[in-house]
>>> print(open('entry00.cif').read())   # mmCIF, C-alpha atoms
data_protein
#
loop_
_atom_site.label_atom_id
_atom_site.label_comp_id
_atom_site.auth_asym_id
_atom_site.auth_seq_id
_atom_site.Cartn_x
_atom_site.Cartn_y
_atom_site.Cartn_z
CA MET V 1498 -33.78 -24.88 -19.16
CA LEU V 1499 -32.14 -21.61 -20.18
CA LYS V 1500 -33.48 -20.26 -23.48
CA LEU V 1501 -32.06 -17.39 -25.50
CA VAL V 1502 -34.12 -15.50 -28.08
CA ILE V 1503 -32.18 -14.44 -31.18
CA THR V 1504 -33.52 -11.49 -33.20
CA ARG V 1505 -32.04 -9.95 -36.34
CA ARG V 1506 -32.14 -6.16 -36.12
CA ASN V 1507 -30.87 -3.37 -38.35
CA GLY V 1508 -27.13 -3.96 -38.50
CA ASP V 1509 -26.79 -6.53 -35.71
CA ILE V 1510 -28.09 -9.66 -34.03
CA HIS V 1511 -29.80 -9.30 -30.65
CA CYS V 1512 -29.66 -12.09 -28.04
CA ALA V 1513 -31.95 -11.91 -24.97
CA LEU V 1514 -33.02 -14.20 -22.18
CA GLU V 1515 -36.49 -15.60 -22.89
CA GLY V 1516 -38.98 -13.97 -20.55
CA ASN V 1517 -36.52 -11.27 -19.50
CA PRO V 1518 -35.61 -9.09 -22.52
CA ALA V 1519 -33.68 -6.71 -20.24
CA VAL V 1520 -30.92 -9.35 -20.05
CA TRP V 1521 -29.44 -9.01 -23.53
CA ASP V 1522 -26.35 -8.50 -25.66
CA CYS V 1523 -25.72 -8.14 -29.37
CA GLY V 1524 -23.14 -8.80 -32.07
CA LYS V 1525 -22.56 -8.83 -35.80
CA THR V 1526 -23.28 -12.57 -35.98
CA THR V 1527 -25.43 -14.96 -33.96
CA ALA V 1528 -22.29 -16.59 -32.56
CA GLU V 1529 -20.89 -13.23 -31.47
CA ALA V 1530 -24.19 -12.18 -29.86
CA VAL V 1531 -24.57 -15.45 -27.98
CA GLY V 1532 -20.91 -15.46 -26.98
CA LYS V 1533 -21.10 -11.93 -25.64
CA TRP V 1534 -24.31 -12.80 -23.77
CA ILE V 1535 -22.67 -15.81 -22.16
CA VAL V 1536 -19.59 -13.84 -21.12
CA THR V 1537 -21.66 -10.91 -19.80
CA HIS V 1538 -24.66 -12.65 -18.23
CA GLY V 1539 -23.92 -16.37 -18.17
CA ALA V 1540 -22.59 -16.65 -14.62
CA ASP V 1541 -25.69 -14.89 -13.28
CA HIS V 1542 -27.83 -17.61 -14.89
CA GLY V 1543 -25.82 -20.72 -14.04
CA VAL V 1544 -23.69 -20.92 -17.19
CA GLN V 1545 -20.11 -22.01 -16.55
CA LEU V 1546 -17.44 -21.70 -19.22
CA VAL V 1547 -14.74 -24.34 -19.16
CA VAL V 1548 -11.70 -23.67 -21.32
CA PRO V 1549 -9.47 -26.76 -21.60
CA GLY V 1550 -5.98 -26.06 -20.36
CA THR V 1551 -7.04 -23.31 -17.95
CA GLU V 1552 -8.31 -25.45 -15.08
CA GLY V 1553 -7.18 -24.10 -11.75
CA ALA V 1554 -6.52 -20.61 -13.06
CA SER V 1555 -6.23 -18.21 -10.17
CA PRO V 1556 -7.83 -14.77 -10.32
CA ASP V 1557 -4.69 -13.20 -8.86
CA LEU V 1558 -0.96 -13.54 -9.22
CA PRO V 1559 0.92 -14.45 -6.05
CA ASP V 1560 3.18 -11.41 -6.37
CA GLY V 1561 0.24 -9.02 -6.83
CA SER V 1562 1.32 -7.96 -10.33
CA GLN V 1563 -1.18 -7.04 -13.02
CA GLY V 1564 -0.70 -10.07 -15.26
CA VAL V 1565 1.67 -8.56 -17.81
CA LEU V 1566 3.68 -11.34 -19.43
CA THR V 1567 7.22 -11.06 -20.77
CA GLU V 1568 8.35 -12.56 -24.06
CA ASP V 1569 9.95 -15.40 -22.08
CA ASP V 1570 6.65 -16.07 -20.29
CA LEU V 1571 4.79 -16.16 -23.60
CA PHE V 1572 7.31 -18.58 -25.13
CA ALA V 1573 7.00 -20.81 -22.04
CA PHE V 1574 3.19 -20.88 -22.30
CA ALA V 1575 3.34 -21.34 -26.08
CA ASN V 1576 5.54 -24.40 -25.60
CA GLU V 1577 3.64 -25.70 -22.54
CA ARG V 1578 6.65 -25.30 -20.24
CA THR V 1579 5.24 -23.26 -17.36
CA GLY V 1580 3.84 -25.91 -15.06
CA ARG V 1581 0.86 -23.67 -14.24
CA PRO V 1582 -2.19 -22.22 -15.97
CA MET V 1583 -2.41 -18.54 -16.85
CA THR V 1584 -4.17 -16.42 -14.28
CA ILE V 1585 -7.34 -14.58 -15.22
CA HIS V 1586 -5.34 -11.33 -15.34
CA GLU V 1587 -2.71 -12.86 -17.63
CA ARG V 1588 -5.41 -14.15 -19.99
CA GLU V 1589 -7.07 -10.71 -20.08
CA TRP V 1590 -3.74 -9.03 -20.79
CA CYS V 1591 -3.12 -11.46 -23.68
CA LEU V 1592 -6.57 -10.79 -25.13
CA GLN V 1593 -5.96 -7.04 -24.93
CA GLU V 1594 -2.61 -7.40 -26.68
CA ILE V 1595 -4.20 -9.43 -29.47
CA ALA V 1596 -7.06 -6.96 -29.91
CA SER V 1597 -4.62 -4.05 -30.14
CA VAL V 1598 -3.17 -5.31 -33.43
CA GLU V 1599 -5.01 -4.52 -36.66
CA GLY V 1600 -6.47 -7.64 -38.23
CA TYR V 1601 -6.66 -9.58 -34.96
CA ASN V 1602 -9.98 -10.15 -33.23
CA ARG V 1603 -10.16 -10.74 -29.47
CA ALA V 1604 -13.21 -12.99 -29.89
CA ASP V 1605 -11.18 -15.41 -32.01
CA TYR V 1606 -8.95 -16.13 -28.99
CA GLU V 1607 -11.30 -15.90 -26.00
CA LEU V 1608 -11.80 -19.67 -25.79
CA SER V 1609 -8.18 -20.56 -26.62
CA ASP V 1610 -6.15 -22.63 -24.22
CA ASN V 1611 -3.00 -21.09 -22.72
CA LYS V 1612 -0.82 -22.35 -25.55
CA GLY V 1613 -3.09 -20.93 -28.25
CA LEU V 1614 -3.47 -17.63 -26.46
CA ALA V 1615 0.28 -17.17 -26.00
CA ARG V 1616 0.89 -18.07 -29.64
CA GLY V 1617 -1.80 -15.59 -30.64
CA VAL V 1618 0.00 -12.77 -28.84
CA LEU V 1619 3.33 -13.70 -30.38
CA SER V 1620 1.79 -13.87 -33.87
CA ALA V 1621 0.07 -10.52 -33.40
CA TRP V 1622 3.34 -8.93 -32.27
CA VAL V 1623 5.21 -10.36 -35.29
CA ASP V 1624 2.52 -9.09 -37.70
CA PHE V 1625 2.57 -5.67 -36.03
CA CYS V 1626 6.36 -5.45 -36.47
CA ARG V 1627 6.11 -6.55 -40.10
CA ASP V 1628 3.41 -3.95 -40.78
CA LYS V 1629 5.64 -1.23 -39.32
CA GLY V 1630 8.65 -2.38 -41.34
CA LEU V 1631 10.58 -3.46 -38.26
CA MET V 1632 11.18 -6.98 -39.58
#
>>> encode(input="entry00.cif", output="structure tokens")
Amino acid sequence: MLKLVITRRNGDIHCALEGNPAVWDCGKTTAEAVGKWIVTHGADHGVQLVVPGTEGASPDLPDGSQGVLTEDDLFAFANERTGRPMTIHEREWCLQEIASVEGYNRADYELSDNKGLARGVLSAWVDFCRDKGLM
């Protein structure tokens, strides 16, 4: 059984693999530390993340693009009208867009399904425009 050791340190929480403290990550909360550990080291230790709604996601787009989504693509995913899951690159692009807006935290969306992730990007964009006085 995989065991993680959680240690409170000055200013953060440390999460390490029991018996192998070199395999570690940290965060501001226990959940963040464990989540970061799973994302960073989980696959190397047999942990598989399953995000409902993303089954069958391909690591690459058929056209070789970088996963940048248009507003129309986001609306289609937000309304479950695409007929396909987001690719890994599209999900990463969405997470980067969300994290680029003040007040939005990437970690809050990392386990979102395609619909939630697309809606997160659209909400972040709307808030950004409101903050800049564009709406």
>>> resolve_selection(input="entry00.cif", expression="the PyMOL selection byres ((chain V and resi 1504-1513) around 12)", output="VMD selection string")
chain V and resid 1499 to 1503 1514 to 1535 1537 to 1539
>>> atom_distance(input="entry00.cif", atom1="atom CA of Gln1593 of chain V", atom2="atom CA of Glu1607 of chain V")
10.4 Å
>>> residues_around(input="entry00.cif", residues="segment 1603-1605 of chain V", least_positions_apart="5", cutoff="10 Å", atoms="all atoms listed in the file", output="ChimeraX atom specification")
/V:1529,1532-1533,1589,1591-1598,1614,1617
>>> atom_distance(input="entry00.cif", atom1="atom CA of Phe1574 of chain V", atom2="atom CA of Asp1610 of chain V")
9.7 Å
>>> resolve_selection(input="entry00.cif", expression="the PyMOL selection byres ((chain V and resi 1579) around 12)", output="list of chain:residue names")
V:Gly1550, V:Asp1569, V:Asp1570, V:Leu1571, V:Phe1572, V:Ala1573, V:Phe1574, V:Ala1575, V:Asn1576, V:Glu1577, V:Arg1578, V:Gly1580, V:Arg1581, V:Pro1582, V:Met1583, V:Asn1611, V:Lys1612, V:Ala1615
